[in-house]
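Novice: Provided herewith: data37.cif, mmCIF, C-alpha atoms.
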```cif
data_query
loop_
_atom_site.label_atom_id
_atom_site.label_comp_id
_atom_site.auth_asym_id
_atom_site.auth_seq_id
_atom_site.Cartn_x
_atom_site.Cartn_y
_atom_site.Cartn_z
CA MET A 1 -98.37 -22.13 -7.41
CA ARG A 2 -95.30 -24.34 -7.48
CA VAL A 3 -92.00 -22.50 -7.31
CA VAL A 4 -89.13 -24.41 -8.88
CA VAL A 5 -85.53 -23.27 -8.43
CA PRO A 6 -83.14 -24.97 -10.87
CA PHE A 7 -79.62 -25.37 -9.54
CA ASP A 8 -76.38 -26.58 -11.09
CA ALA A 9 -74.90 -28.66 -8.27
CA ARG A 10 -72.06 -30.00 -10.38
CA GLU A 11 -70.08 -27.18 -11.95
CA PRO A 12 -71.74 -23.99 -10.83
CA LYS A 13 -70.65 -20.50 -11.80
CA THR A 14 -67.76 -21.38 -14.11
CA ARG A 15 -67.70 -17.82 -15.44
CA LEU A 16 -66.64 -16.63 -11.99
CA GLY A 17 -63.41 -18.60 -12.51
CA PRO A 18 -61.30 -15.43 -12.85
CA VAL A 19 -62.07 -14.45 -9.25
CA LEU A 20 -63.13 -17.62 -7.37
CA ASP A 21 -61.57 -21.09 -7.33
CA GLY A 22 -63.65 -24.25 -7.78
CA GLY A 23 -64.43 -24.82 -4.11
CA GLU A 24 -65.30 -21.18 -3.62
CA ARG A 25 -67.62 -21.20 -6.63
CA ALA A 26 -69.47 -24.19 -5.19
CA ALA A 27 -69.80 -22.54 -1.78
CA PHE A 28 -70.85 -19.20 -3.25
CA ALA A 29 -73.42 -20.84 -5.52
CA ARG A 30 -74.94 -22.60 -2.51
CA ALA A 31 -75.02 -19.35 -0.55
CA MET A 32 -76.95 -17.73 -3.41
CA LEU A 33 -79.30 -20.72 -3.65
CA ARG A 34 -80.04 -20.45 0.07
CA ASP A 35 -80.72 -16.72 -0.29
CA VAL A 36 -83.14 -17.38 -3.14
CA LEU A 37 -84.91 -20.16 -1.21
CA GLU A 38 -85.27 -17.94 1.82
CA THR A 39 -86.64 -15.11 -0.32
CA VAL A 40 -89.23 -17.48 -1.81
CA HIS A 41 -90.11 -18.70 1.69
CA THR A 42 -90.65 -15.10 2.79
CA THR A 43 -93.29 -14.71 0.08
CA GLY A 44 -95.19 -17.54 1.76
CA ARG A 45 -94.34 -20.26 -0.73
CA ASP A 46 -92.40 -23.51 -0.49
CA PRO A 47 -89.66 -23.61 -3.10
CA GLU A 48 -88.61 -26.88 -4.74
CA VAL A 49 -85.04 -27.29 -5.91
CA LEU A 50 -84.45 -28.93 -9.27
CA ALA A 51 -80.79 -29.96 -9.31
CA ASN A 52 -78.52 -32.06 -11.50
CA ALA A 53 -76.96 -33.71 -8.40
CA PRO A 54 -77.97 -33.96 -4.74
CA VAL A 55 -77.65 -30.78 -2.70
CA ASP A 56 -78.24 -30.28 1.00
CA VAL A 57 -80.67 -27.40 1.51
CA ASP A 58 -83.84 -26.61 3.40
CA ALA A 59 -86.23 -27.52 0.58
CA THR A 60 -87.50 -30.48 -1.41
CA VAL A 61 -84.81 -31.45 -3.93
CA THR A 62 -85.54 -33.28 -7.17
CA VAL A 63 -82.48 -34.58 -8.99
CA ASP A 64 -82.69 -34.56 -12.78
CA GLU A 65 -79.43 -35.02 -14.62
CA ARG A 66 -80.64 -33.67 -17.92
CA PRO A 67 -79.74 -30.21 -19.18
CA LEU A 68 -81.61 -27.26 -17.68
CA THR A 69 -84.15 -26.84 -20.48
CA ASP A 70 -85.15 -30.52 -20.49
CA ALA A 71 -85.36 -30.74 -16.71
CA VAL A 72 -87.58 -27.65 -16.45
CA ASN A 73 -89.81 -28.83 -19.28
CA ALA A 74 -90.27 -32.15 -17.51
CA VAL A 75 -91.69 -30.19 -14.56
CA LEU A 76 -93.90 -28.00 -16.78
CA GLY A 77 -95.17 -31.11 -18.52
CA THR A 78 -96.51 -32.63 -15.32
CA GLY A 79 -98.95 -29.78 -14.69
CA ASP A 80 -101.37 -30.64 -17.51
CA GLY A 81 -103.91 -32.32 -15.30
CA ASP A 82 -104.69 -29.63 -12.78
CA ARG A 83 -103.36 -26.61 -14.64
CA GLU A 84 -101.38 -25.55 -11.62
CA ALA A 85 -99.18 -22.54 -12.21
CA VAL A 86 -95.45 -23.18 -12.12
CA ALA A 87 -92.90 -20.49 -11.38
CA VAL A 88 -89.26 -21.03 -12.33
CA VAL A 89 -86.81 -18.84 -10.46
CA MET A 90 -83.07 -19.09 -11.11
CA ALA A 91 -80.81 -19.93 -8.18
CA ASP A 92 -78.39 -17.08 -8.84
CA LEU A 93 -80.87 -14.24 -8.35
CA ALA A 94 -79.10 -13.15 -5.22
CA LEU A 95 -80.50 -9.63 -5.47
CA ALA A 96 -84.10 -10.84 -5.52
CA THR A 97 -86.32 -9.52 -2.74
CA PRO A 98 -89.70 -10.80 -1.55
CA ALA A 99 -91.26 -7.67 -3.08
CA ALA A 100 -89.74 -8.40 -6.49
CA LEU A 101 -90.86 -12.04 -6.39
CA ASP A 102 -94.32 -11.01 -5.22
CA ARG A 103 -94.62 -8.81 -8.31
CA LEU A 104 -93.64 -11.83 -10.45
CA PHE A 105 -96.04 -14.23 -8.76
CA ALA A 106 -98.91 -11.73 -8.71
CA ALA A 107 -98.59 -10.60 -12.35
CA ASP A 108 -101.45 -11.56 -14.60
CA GLY A 109 -100.77 -13.59 -17.69
CA GLU A 110 -100.61 -17.19 -18.83
CA VAL A 111 -96.92 -16.55 -19.32
CA VAL A 112 -95.09 -14.03 -17.13
CA LEU A 113 -91.44 -13.28 -17.89
CA ALA A 114 -88.76 -11.53 -15.86
CA PRO A 115 -86.03 -10.70 -18.38
CA GLY A 116 -82.41 -11.09 -17.42
CA LEU A 117 -79.59 -8.93 -18.64
CA GLY A 118 -78.23 -10.18 -21.93
CA GLY A 119 -81.45 -11.70 -23.17
CA GLY A 120 -81.94 -14.38 -20.53
CA THR A 121 -85.12 -15.33 -18.71
CA ASN A 122 -84.29 -15.15 -15.04
CA ALA A 123 -87.72 -16.00 -13.71
CA LEU A 124 -91.09 -16.88 -15.17
CA VAL A 125 -94.55 -18.08 -14.33
CA ALA A 126 -96.26 -20.57 -16.63
CA ARG A 127 -100.03 -20.87 -16.36
CA HIS A 128 -100.53 -22.30 -19.84
CA PRO A 129 -100.30 -26.10 -19.95
CA GLU A 130 -98.44 -26.19 -23.26
CA PHE A 131 -95.81 -23.56 -22.55
CA ARG A 132 -92.27 -24.94 -22.63
CA VAL A 133 -88.91 -23.26 -22.04
CA ASP A 134 -85.75 -23.05 -24.09
CA TYR A 135 -82.93 -21.45 -22.16
CA HIS A 136 -80.45 -21.32 -25.03
CA GLY A 137 -79.52 -18.00 -26.61
CA ALA A 138 -81.74 -14.94 -26.21
CA SER A 139 -84.33 -16.95 -24.36
CA VAL A 140 -86.54 -14.03 -23.40
CA ARG A 141 -87.20 -13.38 -27.07
CA ASP A 142 -87.87 -17.06 -27.73
CA HIS A 143 -90.19 -17.28 -24.74
CA ARG A 144 -92.15 -14.25 -25.94
CA GLU A 145 -92.53 -15.92 -29.32
CA ALA A 146 -93.51 -19.23 -27.73
CA ALA A 147 -96.26 -17.48 -25.77
CA ARG A 148 -97.45 -15.75 -28.93
CA ASP A 149 -97.50 -19.04 -30.85
CA LEU A 150 -99.73 -20.51 -28.14
CA ASP A 151 -102.00 -17.45 -28.09
CA ALA A 152 -101.16 -17.27 -24.40
CA SER A 153 -101.49 -13.92 -22.65
CA LEU A 154 -98.05 -12.56 -21.90
CA SER A 155 -96.80 -10.13 -19.33
CA THR A 156 -93.39 -8.92 -18.29
CA VAL A 157 -92.10 -7.94 -14.87
CA ASP A 158 -89.87 -4.88 -14.95
CA SER A 159 -87.38 -5.58 -12.16
CA PHE A 160 -83.70 -4.76 -11.81
CA ARG A 161 -83.46 -7.22 -8.92
CA LEU A 162 -84.73 -10.05 -11.09
CA ALA A 163 -82.72 -8.93 -14.14
CA VAL A 164 -79.32 -9.37 -12.49
CA ASP A 165 -78.22 -13.00 -12.35
CA VAL A 166 -74.84 -13.36 -10.73
CA ASP A 167 -72.75 -15.04 -13.43
CA GLU A 168 -69.68 -12.93 -14.08
CA PRO A 169 -67.31 -10.80 -12.00
CA PRO A 170 -69.07 -7.46 -12.68
CA ASP A 171 -72.28 -8.98 -11.28
CA LEU A 172 -70.54 -9.30 -7.93
CA ALA A 173 -70.43 -5.51 -7.76
CA GLU A 174 -74.22 -5.43 -8.11
CA LEU A 175 -74.52 -7.90 -5.26
CA LEU A 176 -72.17 -5.89 -3.05
CA LEU A 177 -74.06 -2.68 -3.83
CA HIS A 178 -77.63 -3.94 -3.59
CA GLY A 179 -77.69 -7.33 -1.88
CA SER A 180 -78.36 -8.10 1.75
CA GLY A 181 -78.22 -11.85 2.32
CA ARG A 182 -75.68 -14.52 3.06
CA SER A 183 -74.15 -14.49 -0.43
CA ARG A 184 -73.22 -10.85 -0.01
CA ALA A 185 -71.84 -11.58 3.44
CA TRP A 186 -69.87 -14.51 1.94
CA LEU A 187 -68.25 -12.14 -0.56
CA ARG A 188 -67.44 -9.54 2.04
CA ASP A 189 -65.93 -12.18 4.31
CA ARG A 190 -63.57 -12.98 1.45
CA GLU A 191 -62.65 -9.32 1.17
CA PHE A 192 -64.44 -8.46 -2.02
CA GLU A 193 -65.37 -4.82 -2.34
CA VAL A 194 -66.68 -2.45 -4.95
CA ALA A 195 -63.89 -0.97 -7.07
CA LEU A 196 -64.13 2.27 -8.99
CA ASP A 197 -62.57 2.49 -12.42
CA GLU A 198 -63.62 4.67 -15.32
CA GLY A 199 -66.88 3.49 -16.73
CA ARG A 200 -68.83 1.00 -14.72
CA VAL A 201 -68.06 -0.07 -11.23
CA GLY A 202 -66.28 -3.41 -10.76
CA VAL A 203 -64.99 -5.53 -7.90
CA ARG A 204 -61.63 -5.89 -6.24
CA ARG A 205 -60.49 -8.64 -3.93
CA ASN A 206 -58.13 -7.68 -1.15
CA ALA A 207 -56.85 -11.21 -0.59
CA GLU A 208 -55.38 -14.05 -2.63
CA PRO A 209 -57.97 -16.34 -4.17
CA MET B 1 -92.85 18.07 -10.44
CA ARG B 2 -90.10 19.31 -12.75
CA VAL B 3 -88.51 16.64 -14.90
CA VAL B 4 -84.96 17.47 -15.94
CA VAL B 5 -83.16 15.43 -18.59
CA PRO B 6 -79.40 16.09 -18.64
CA PHE B 7 -77.81 15.64 -22.05
CA ASP B 8 -74.23 15.71 -23.25
CA ALA B 9 -74.56 17.57 -26.54
CA ARG B 10 -70.82 17.83 -27.11
CA GLU B 11 -69.21 14.41 -27.00
CA PRO B 12 -71.99 11.97 -26.30
CA LYS B 13 -71.58 8.22 -25.94
CA THR B 14 -67.80 7.98 -26.35
CA ARG B 15 -67.87 4.41 -25.02
CA LEU B 16 -69.81 3.38 -28.09
CA GLY B 17 -66.72 4.28 -30.13
CA PRO B 18 -65.96 0.63 -30.97
CA VAL B 19 -69.21 0.33 -32.94
CA LEU B 20 -70.30 3.85 -33.94
CA ASP B 21 -68.31 6.73 -35.41
CA GLY B 22 -68.54 10.27 -34.04
CA GLY B 23 -71.39 11.46 -36.24
CA GLU B 24 -73.32 8.28 -35.58
CA ARG B 25 -72.86 8.61 -31.84
CA ALA B 26 -74.24 12.15 -31.96
CA ALA B 27 -77.25 11.05 -34.01
CA PHE B 28 -77.90 8.00 -31.85
CA ALA B 29 -77.64 10.02 -28.64
CA ARG B 30 -80.22 12.48 -29.99
CA ALA B 31 -82.53 9.62 -30.98
CA MET B 32 -82.33 8.29 -27.41
CA LEU B 33 -82.91 11.78 -25.99
CA ARG B 34 -86.02 12.16 -28.15
CA ASP B 35 -87.28 8.75 -26.99
CA VAL B 36 -86.80 9.74 -23.36
CA LEU B 37 -88.52 13.11 -23.86
CA GLU B 38 -91.46 11.43 -25.56
CA THR B 39 -91.73 8.89 -22.75
CA VAL B 40 -91.79 11.70 -20.19
CA HIS B 41 -94.43 13.51 -22.25
CA THR B 42 -96.56 10.36 -22.27
CA THR B 43 -96.61 10.41 -18.47
CA GLY B 44 -98.24 13.85 -18.71
CA ARG B 45 -95.20 15.91 -17.80
CA ASP B 46 -93.13 18.49 -19.68
CA PRO B 47 -89.48 17.53 -19.67
CA GLU B 48 -86.73 20.16 -19.58
CA VAL B 49 -83.41 19.39 -21.21
CA LEU B 50 -80.26 20.42 -19.36
CA ALA B 51 -77.46 20.36 -21.95
CA ASN B 52 -73.85 21.49 -22.15
CA ALA B 53 -74.45 22.95 -25.62
CA PRO B 54 -77.53 23.90 -27.63
CA VAL B 55 -79.61 21.00 -28.95
CA ASP B 56 -82.66 21.11 -31.18
CA VAL B 57 -85.47 19.12 -29.57
CA ASP B 58 -89.13 19.49 -28.68
CA ALA B 59 -88.56 20.71 -25.11
CA THR B 60 -87.23 23.66 -23.16
CA VAL B 61 -83.43 23.53 -23.27
CA THR B 62 -81.21 25.12 -20.65
CA VAL B 63 -77.53 25.28 -21.56
CA ASP B 64 -75.09 24.90 -18.67
CA GLU B 65 -71.50 24.20 -19.61
CA ARG B 66 -70.46 22.88 -16.22
CA PRO B 67 -69.96 19.17 -15.53
CA LEU B 68 -73.09 17.07 -15.00
CA THR B 69 -73.01 17.07 -11.20
CA ASP B 70 -72.65 20.84 -10.94
CA ALA B 71 -75.29 21.54 -13.56
CA VAL B 72 -77.84 19.26 -11.87
CA ASN B 73 -77.10 20.68 -8.45
CA ALA B 74 -77.68 24.19 -9.80
CA VAL B 75 -81.20 23.06 -10.73
CA LEU B 76 -81.78 21.34 -7.39
CA GLY B 77 -80.57 24.46 -5.60
CA THR B 78 -83.22 26.66 -7.21
CA GLY B 79 -86.11 24.73 -5.69
CA ASP B 80 -85.57 25.88 -2.10
CA GLY B 81 -88.30 28.46 -2.14
CA ASP B 82 -91.31 26.40 -3.13
CA ARG B 83 -90.03 22.92 -2.33
CA GLU B 84 -91.04 21.70 -5.75
CA ALA B 85 -90.02 18.14 -6.46
CA VAL B 86 -87.38 17.72 -9.16
CA ALA B 87 -86.91 14.51 -11.12
CA VAL B 88 -83.65 13.89 -12.96
CA VAL B 89 -83.88 11.32 -15.74
CA MET B 90 -80.85 10.44 -17.83
CA ALA B 91 -81.08 10.95 -21.58
CA ASP B 92 -79.79 7.47 -22.42
CA LEU B 93 -82.61 5.52 -20.76
CA ALA B 94 -83.84 4.34 -24.12
CA LEU B 95 -85.62 1.34 -22.58
CA ALA B 96 -87.68 3.50 -20.23
CA THR B 97 -91.44 3.19 -20.58
CA PRO B 98 -94.17 5.50 -19.29
CA ALA B 99 -95.06 2.80 -16.75
CA ALA B 100 -91.51 2.66 -15.41
CA LEU B 101 -91.31 6.45 -15.14
CA ASP B 102 -94.74 6.58 -13.51
CA ARG B 103 -93.44 4.23 -10.82
CA LEU B 104 -90.49 6.57 -10.28
CA PHE B 105 -92.59 9.74 -10.16
CA ALA B 106 -95.25 8.16 -7.93
CA ALA B 107 -92.90 6.58 -5.39
CA ASP B 108 -93.01 8.05 -1.92
CA GLY B 109 -89.87 9.43 -0.39
CA GLU B 110 -87.99 12.68 -0.09
CA VAL B 111 -85.32 10.99 -2.18
CA VAL B 112 -86.30 8.33 -4.72
CA LEU B 113 -83.52 6.49 -6.57
CA ALA B 114 -83.59 4.30 -9.66
CA PRO B 115 -80.25 2.45 -9.60
CA GLY B 116 -78.35 1.91 -12.80
CA LEU B 117 -76.21 -1.08 -13.60
CA GLY B 118 -72.71 -0.64 -12.27
CA GLY B 119 -73.60 1.56 -9.36
CA GLY B 120 -74.99 4.55 -11.25
CA THR B 121 -78.11 6.57 -10.51
CA ASN B 122 -80.10 6.58 -13.71
CA ALA B 123 -83.08 8.50 -12.44
CA LEU B 124 -84.13 10.12 -9.18
CA VAL B 125 -86.71 12.34 -7.57
CA ALA B 126 -85.58 14.93 -5.03
CA ARG B 127 -88.23 16.32 -2.70
CA HIS B 128 -85.80 17.43 0.01
CA PRO B 129 -84.51 20.98 -0.50
CA GLU B 130 -80.97 20.17 0.60
CA PHE B 131 -80.41 16.99 -1.40
CA ARG B 132 -77.58 17.29 -3.92
CA VAL B 133 -76.17 14.80 -6.43
CA ASP B 134 -72.70 13.50 -7.07
CA TYR B 135 -72.55 11.39 -10.19
CA HIS B 136 -68.96 10.23 -9.80
CA GLY B 137 -68.19 6.62 -8.90
CA ALA B 138 -70.83 4.39 -7.33
CA SER B 139 -73.28 7.26 -7.14
CA VAL B 140 -76.24 5.19 -6.01
CA ARG B 141 -74.38 4.34 -2.81
CA ASP B 142 -73.34 7.96 -2.31
CA HIS B 143 -76.89 9.17 -2.91
CA ARG B 144 -78.25 6.71 -0.36
CA GLU B 145 -75.73 8.03 2.15
CA ALA B 146 -76.54 11.62 1.28
CA ALA B 147 -80.23 10.96 1.94
CA ARG B 148 -79.39 9.29 5.25
CA ASP B 149 -77.17 12.20 6.28
CA LEU B 150 -80.11 14.56 5.67
CA ASP B 151 -82.55 12.28 7.53
CA ALA B 152 -84.54 12.28 4.31
CA SER B 153 -86.90 9.38 3.66
CA LEU B 154 -85.46 7.20 0.91
CA SER B 155 -87.05 4.83 -1.53
CA THR B 156 -85.78 2.85 -4.46
CA VAL B 157 -87.53 1.93 -7.69
CA ASP B 158 -86.83 -1.62 -8.80
CA SER B 159 -86.84 -1.34 -12.60
CA PHE B 160 -84.81 -3.11 -15.26
CA ARG B 161 -85.93 -0.50 -17.80
CA LEU B 162 -84.52 2.30 -15.67
CA ALA B 163 -81.40 0.31 -14.73
CA VAL B 164 -80.10 -0.03 -18.28
CA ASP B 165 -78.43 3.12 -19.54
CA VAL B 166 -77.14 2.71 -23.05
CA ASP B 167 -73.42 3.41 -22.71
CA GLU B 168 -71.49 0.46 -24.09
CA PRO B 169 -71.89 -1.99 -26.97
CA PRO B 170 -73.57 -4.76 -24.88
CA ASP B 171 -76.27 -2.26 -23.89
CA LEU B 172 -77.27 -2.06 -27.55
CA ALA B 173 -78.39 -5.68 -27.30
CA GLU B 174 -80.75 -4.73 -24.46
CA LEU B 175 -82.19 -1.95 -26.60
CA LEU B 176 -82.66 -4.29 -29.57
CA LEU B 177 -84.32 -6.91 -27.36
CA HIS B 178 -86.54 -4.67 -25.24
CA GLY B 179 -86.79 -1.22 -26.83
CA SER B 180 -89.49 0.11 -29.09
CA GLY B 181 -88.72 3.73 -30.01
CA ARG B 182 -86.77 5.62 -32.59
CA SER B 183 -83.37 4.78 -31.12
CA ARG B 184 -84.05 1.09 -31.62
CA ALA B 185 -85.24 1.80 -35.14
CA TRP B 186 -82.09 3.85 -35.73
CA LEU B 187 -79.94 0.85 -34.76
CA ARG B 188 -81.91 -1.54 -36.90
CA ASP B 189 -81.68 0.80 -39.88
CA ARG B 190 -77.92 0.57 -39.48
CA GLU B 191 -78.12 -3.21 -39.51
CA PHE B 192 -77.43 -3.89 -35.88
CA GLU B 193 -78.85 -7.14 -34.60
CA VAL B 194 -78.63 -9.33 -31.54
CA ALA B 195 -75.72 -11.76 -31.75
CA LEU B 196 -75.47 -14.99 -29.83
CA ASP B 197 -72.15 -16.03 -28.34
CA GLU B 198 -71.47 -18.12 -25.31
CA GLY B 199 -72.38 -16.22 -22.18
CA ARG B 200 -74.39 -13.08 -22.61
CA VAL B 201 -75.93 -11.90 -25.79
CA GLY B 202 -74.12 -9.17 -27.73
CA VAL B 203 -74.61 -7.18 -30.91
CA ARG B 204 -73.36 -7.59 -34.44
CA ARG B 205 -73.39 -5.03 -37.20
CA ASN B 206 -73.93 -6.28 -40.71
CA ALA B 207 -72.45 -3.24 -42.38
CA GLU B 208 -69.28 -1.17 -42.21
CA PRO B 209 -69.34 1.54 -39.56
#
```
Please lay out the structure from this file as structure tokens.
Specialist:
Amino acid sequence: MRVVVPFDAREPKTRLGPVLDGGERAAFARAMLRDVLETVHTTGRDPEVLANAPVDVDATVTVDERPLTDAVNAVLGTGDGDREAVAVVMADLALATPAALDRLFAADGEVVLAPGLGGGTNALVARHPEFRVDYHGASVRDHREAARDLDASLSTVDSFRLAVDVDEPPDLAELLLHGSGRSRAWLRDREFEVALDEGRVGVRRNAEP
Amino acid sequence: MRVVVPFDAREPKTRLGPVLDGGERAAFARAMLRDVLETVHTTGRDPEVLANAPVDVDATVTVDERPLTDAVNAVLGTGDGDREAVAVVMADLALATPAALDRLFAADGEVVLAPGLGGGTNALVARHPEFRVDYHGASVRDHREAARDLDASLSTVDSFRLAVDVDEPPDLAELLLHGSGRSRAWLRDREFEVALDEGRVGVRRNAEP
């Protein structure tokens, strides 16, 4: 199985703008990418990075400047000959563990989806040669429909660790509470900590950005 | 194993105030409770409702007017004699499936936690006679510490379906996208649907509240 990790090397994590400046967002995004790559490695697989600009990491990097959907579909389209399975795992799944990814990789189904919060598709496995992605909108719903249209068998991985992609400030609280890798350490080094308000837990930064 | 489902029968789901009026919140909360009770039933267990006022449902109901933490601890405190395991499953886990609950009930550990988004503890199993809950703040962190302080073996269930408690308007989108029970049908009958903005998916209501 190929494991492809798409990565925005140009303007990553813009929605973290309220709490991290541009250089910090780039550094934090790379820390998360490295965590994800290491987690994939721990499952015994060699991840491949699919980036829109060069990035220096311990993995094969393919640069494709097209938007995410087109770049991923170009990868899926190359598998037709040998029907090799392709997994696509987002680079901001900083809570992912080897156990969670093993459940994804081991799940039966020509299409396996790991839903993200807010309707996204945070990780998937495609074993059907005609399956293509569309990451716009509520993609998990669209991907379910795409599998149905192909008569492909579909399964879903029920994982909190794969459902949380770190996009917005409240997601940082999840990483602080449940993460363990270098991206969590990066946040703690910059004095982020869990903050308690009414309602859900958030983050507070005890230093100037 | 006892399965206790705490339920706020007085002022449920206040944080859904922006999209549902008081009577609707009460009806929706009961629809979710019934979904959760049915899901527990499907796992082969008889749920017990622990409510702060009488509620008419197909389960044994114990009324305890104290705050959630105290009421749950009163239940945990009664198990000392026979060391019976007690599961506590929140009544707003409308995405929960029998498979997700089976993973919770079957997990090893004197304390088993299913983290909720934002640091909550959406479901747990207590097999240690001295374990007590505290649902304030980032309770999942506090419960981990409480287990450690007792030298109790701890495990965590990695489930998206148990991590989403339906508290706030964005959670309704998760229910519309992934739910299947009467609470989802209730929302759809009131013309709620998934709405696509930039960023995460939300909900829109095509009728006056």
Novice: With 8 Å as the limit and counting all atoms listed in the file, what residues in chain B lie close to chain A? Please list them as a PyMOL selection string.
Specialist: chain B and resi 100+117-120+137-138+141+158-161+163+170+173-174+177+196-197+200-202
Novice: Can you list, as a PyMOL selection string, the residues that the PyMOL selection byres ((chain B and resi 88-96) around 9) selects here?
Specialist: chain B and resi 2-8+13+29-37+39+49+72+86-87+97-101+121-126+160-167+174-175+178-181+183-184
Novice: Got a sec to check which residues sit within 9 Å of (-85.5, -30.8, -6.7), counting only C-alpha atoms, and write them as a PyMOL selection string?
Specialist: chain A and resi 4-7+48-52+54-55+59-64
Novice: Where does the PyMOL selection byres ((chain A and resi 11) around 9) land in this file, that is, which residues does it pick, as an NGL selection string?
Specialist: :A and (8-10 or 12-14 or 22 or 25-26)
Novice: Between CA of Glu130 (chain A) and CA of Leu68 (chain A), what is the distance in Å, rounded to a tenth?
Specialist: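 Computed distance, CA of Glu130 (chain A) to CA of Leu68 (chain A), equals 17.8 Å.
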Novice: Just give me the gap between CA of Pro47 (chain B) and CA of Arg188 (chain B) in Å, one decimal is fine.
Specialist: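 It comes out at 26.8 Å.
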Novice: In terms of the shortest atom-to-atom distance over only C-alpha atoms, which of A:Glu84, A:Glu65, A:Glu191, A:Asp46 is closest to Glu110 (chain A)?
Specialist: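 The answer is A:Glu84, which sits nearest to Glu110 (chain A).
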Novice: If we count only C-alpha atoms and set the cut-off at 10 Å, which residues sit around region 147-152 of chain A, ignoring sequence neighbours fewer than 5 positions away in its own chain? Please answer as number ranges by chain.
Specialist: A: 109-112, 126-132, 142
Novice: Go ahead and compute the interatomic distance for CA of Glu193 (chain B) and CA of Val19 (chain B), in Å to one decimal.
Specialist: 12.3 Å
Novice: Have a look at B:Ala185, B:Arg45, B:Asp21, B:Arg204 and name the one nearest to Met1 (chain B); count all atoms listed in the file.
Specialist: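 Of B:Ala185, B:Arg45, B:Asp21, B:Arg204, the one nearest Met1 (chain B), counting all atoms listed in the file, is B:Arg45.
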Novice: Could region 56-67 of chain B be written out with N, CA, C and O atoms, as a PDB file, in the first residue's frame, please?
Specialist:
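Result file is result.pdb:
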```
ATOM      1  N   ASP B  56     -40.000  10.549  30.945  1.00  0.00           N
ATOM      2  CA  ASP B  56     -40.769   9.386  30.512  1.00  0.00           C
ATOM      3  C   ASP B  56     -40.056   8.685  29.360  1.00  0.00           C
ATOM      4  O   ASP B  56     -40.145   9.100  28.209  1.00  0.00           O
ATOM      5  N   VAL B  57     -39.309   7.642  29.684  1.00  0.00           N
ATOM      6  CA  VAL B  57     -38.608   6.876  28.651  1.00  0.00           C
ATOM      7  C   VAL B  57     -38.663   5.393  28.996  1.00  0.00           C
ATOM      8  O   VAL B  57     -39.015   5.017  30.115  1.00  0.00           O
ATOM      9  N   ASP B  58     -38.257   4.588  28.043  1.00  0.00           N
ATOM     10  CA  ASP B  58     -38.296   3.135  28.169  1.00  0.00           C
ATOM     11  C   ASP B  58     -37.033   2.632  28.889  1.00  0.00           C
ATOM     12  O   ASP B  58     -36.180   1.982  28.295  1.00  0.00           O
ATOM     13  N   ALA B  59     -36.913   2.991  30.172  1.00  0.00           N
ATOM     14  CA  ALA B  59     -35.761   2.567  30.970  1.00  0.00           C
ATOM     15  C   ALA B  59     -36.062   2.906  32.423  1.00  0.00           C
ATOM     16  O   ALA B  59     -36.933   3.738  32.708  1.00  0.00           O
ATOM     17  N   THR B  60     -35.343   2.270  33.328  1.00  0.00           N
ATOM     18  CA  THR B  60     -35.432   2.650  34.729  1.00  0.00           C
ATOM     19  C   THR B  60     -34.904   4.070  34.876  1.00  0.00           C
ATOM     20  O   THR B  60     -33.853   4.395  34.329  1.00  0.00           O
ATOM     21  N   VAL B  61     -35.623   4.919  35.594  1.00  0.00           N
ATOM     22  CA  VAL B  61     -35.174   6.293  35.809  1.00  0.00           C
ATOM     23  C   VAL B  61     -34.971   6.517  37.298  1.00  0.00           C
ATOM     24  O   VAL B  61     -35.872   6.261  38.102  1.00  0.00           O
ATOM     25  N   THR B  62     -33.779   6.975  37.666  1.00  0.00           N
ATOM     26  CA  THR B  62     -33.521   7.405  39.032  1.00  0.00           C
ATOM     27  C   THR B  62     -33.427   8.921  39.012  1.00  0.00           C
ATOM     28  O   THR B  62     -32.698   9.483  38.184  1.00  0.00           O
ATOM     29  N   VAL B  63     -34.178   9.577  39.899  1.00  0.00           N
ATOM     30  CA  VAL B  63     -34.110  11.035  39.961  1.00  0.00           C
ATOM     31  C   VAL B  63     -33.171  11.436  41.096  1.00  0.00           C
ATOM     32  O   VAL B  63     -33.308  10.980  42.222  1.00  0.00           O
ATOM     33  N   ASP B  64     -32.176  12.240  40.743  1.00  0.00           N
ATOM     34  CA  ASP B  64     -31.234  12.780  41.726  1.00  0.00           C
ATOM     35  C   ASP B  64     -31.037  14.246  41.353  1.00  0.00           C
ATOM     36  O   ASP B  64     -30.546  14.552  40.270  1.00  0.00           O
ATOM     37  N   GLU B  65     -31.420  15.133  42.248  1.00  0.00           N
ATOM     38  CA  GLU B  65     -31.436  16.550  41.893  1.00  0.00           C
ATOM     39  C   GLU B  65     -30.077  17.221  42.003  1.00  0.00           C
ATOM     40  O   GLU B  65     -29.929  18.389  41.662  1.00  0.00           O
ATOM     41  N   ARG B  66     -29.087  16.485  42.482  1.00  0.00           N
ATOM     42  CA  ARG B  66     -27.767  17.099  42.646  1.00  0.00           C
ATOM     43  C   ARG B  66     -27.094  17.341  41.295  1.00  0.00           C
ATOM     44  O   ARG B  66     -27.516  16.788  40.277  1.00  0.00           O
ATOM     45  N   PRO B  67     -26.036  18.129  41.283  1.00  0.00           N
ATOM     46  CA  PRO B  67     -25.301  18.337  40.032  1.00  0.00           C
ATOM     47  C   PRO B  67     -24.765  17.001  39.501  1.00  0.00           C
ATOM     48  O   PRO B  67     -24.590  16.040  40.255  1.00  0.00           O
TER      49      PRO B  67
END
```
